[in-house]
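Report on the following structure.
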Amino acid sequence: MSFATDTDTLLHAAPEPSDSAWDKAVEQIIHAGRRMDQRGWVPATAGNLSVRLPDGRIAVTRSGGHKGFLTRQGVIEVGLDGASMRPEDRPSAETLLHCQIYARFPDAGAVLHGHSVASTVLSMTTAGSKLYLADYEVLKVFEGQTTHETRLAVPVFPNDQDIARLSRSVALSLDDMKAGYIIRGHGVYVWGPNMDTALARLEGLEFLLACELEQAKFRATVQGSGS
Ligand SMILES: [Zn+2]
């Protein structure tokens, strides 16, 4: 009869290294992807979602793939420079915009980017470099807003396929974006200390943009019927 030594016991009993922090981040991304898909904010393979783990790792959606049908394999790890940690993983070029936010704000824990109808249409029909949201109760979802009696400016940047160049434009006003920002004809970026807050801010911003779009249509209808 042979008995297992202590060393054998250790070898055989050792569990697979668990990575519960990574698992939790992936779960949050999958859940948020489904939520964004249900709301129509990530059509086709649009959008990207990320979470920064407490140890500094960044989990982000892989390039391509539908955000409503994400699996564990749809989430990869990147460094603060936006480069993937494994050569076979291809991050989206827009990952750089996520990393820019993490680099600038040490307390940012999640970043969400979607392509909604409201952000796309409003940014294309507004000539200015800012969209203004005023007097909405939902404005209170954004940091530092304690009253609806306020006017919040959301910067609008020209779309650019050169993401490094786009990130340099964004960097200039990144410190003053309580409600995130919009890329013209493209979509929104929002962030927060954790996924729940980022998702609440995204929903708040998308609600307000949808209200603005409805108001614009209403005004056009009234003007049309009055002429
Ligand atoms: Zn995009």
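How things are named: the first chain in the structure tokens is A, the next is B, and so on; residues count from 1 in each chain; ligands count from 1 in the order shown.
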List all protein, DNA and RNA residues that have an atom no more than 7 Å from any atom of ligand 1, counting only C-alpha atoms and all ligand atoms, and report them as a ChimeraX atom specification. /A:46-47,94,113-115,186-187
What's the 8 Å shell around Leu112 in chain A, counting only C-alpha atoms, without same-chain residues fewer than 2 positions away, as a PyMOL selection string? chain A and resi 47-50+110+114+189-191+198-199+202
Tell me which protein, DNA and RNA residues are within 9 Å of Ala171 in chain A, counting only C-alpha atoms, leaving out same-chain ones fewer than 6 positions away, and put them as a ChimeraX atom specification. /A:100-101,104
Apply DSSP to the backbone of this structure and, from range 29-158 of chain A, keep only the residues in strand (DSSP E or B); write these as an NGL selection string. :A and (48-52 or 58-62 or 75-78 or 84 or 91 or 110-114 or 130-134 or 151-157)
Just the alpha helix (DSSP H) stuff from range 177-213 of chain A, please, per backbone DSSP, written as a list in words. Met195, Asp196, Thr197, Ala198, Leu199, Ala200, Arg201, Leu202, Glu203, Gly204, Leu205, Glu206, Phe207, Leu208, Leu209, Ala210, Cys211, Glu212 and Leu213 of chain A
Closest of A:Lys24, A:Arg52, A:Arg86, A:Arg34 to Leu70 in chain A, counting only C-alpha atoms, is A:Arg34
Considering only C-alpha atoms, return as a list in words whatever protein or nucleic-acid residues lie within 8 Å of Leu208 in chain A, sequence-local ones (same chain, fewer than 6 positions apart) excluded. Leu133, Tyr136 and Val138 of chain A
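Nearest residue to Ala134 in chain A among A:Ile30, A:Cys211, A:Gly192, A:Asp107 is A:Cys211, counting only C-alpha atoms.
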Identify which of the residues A:Ala93, A:Met85, A:Ala153, A:Val42 lies closest to Ser63 in chain A, counting only C-alpha atoms when measuring atom-to-atom distances. A:Ala93
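In this model, the gap between CA of Ile163 in chain A and CA of Leu96 in chain A comes to 7.2 Å.
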Rank A:Arg219, A:Arg184, A:Arg57, A:Lys67 by their smallest atom-to-atom distance to Tyr102 in chain A, using only C-alpha atoms, and report the top residue only. A:Arg57
Figure out the distance between CA of Ile29 in chain A and CA of Ala59 in chain A, please, to one decimal in Å.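 Atom-to-atom, CA of Ala59 in chain A and CA of Ile29 in chain A are spaced 8.5 Å apart.
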Separation of CA of Leu213 in chain A from CA of Leu122 in chain A, in Å and rounded to one decimal: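 Separation between CA of Leu213 in chain A and CA of Leu122 in chain A: 6.5 Å.
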Fewer than 6 positions away in the same chain doesn't count, so skip those; otherwise give me all residues within 8 Å of Ile76 in chain A, counting only C-alpha atoms, as an MDAnalysis selection string. chainID A and resid 59:62 84 89 91
So that I can see what lies close to Leu152 in chain A, please list as a PyMOL selection string the residues with an atom at most 10 Å from it, counting only C-alpha atoms and leaving out residues fewer than 3 positions away in the same chain. chain A and resi 130-136+139+142+145+148-149+155+177-179
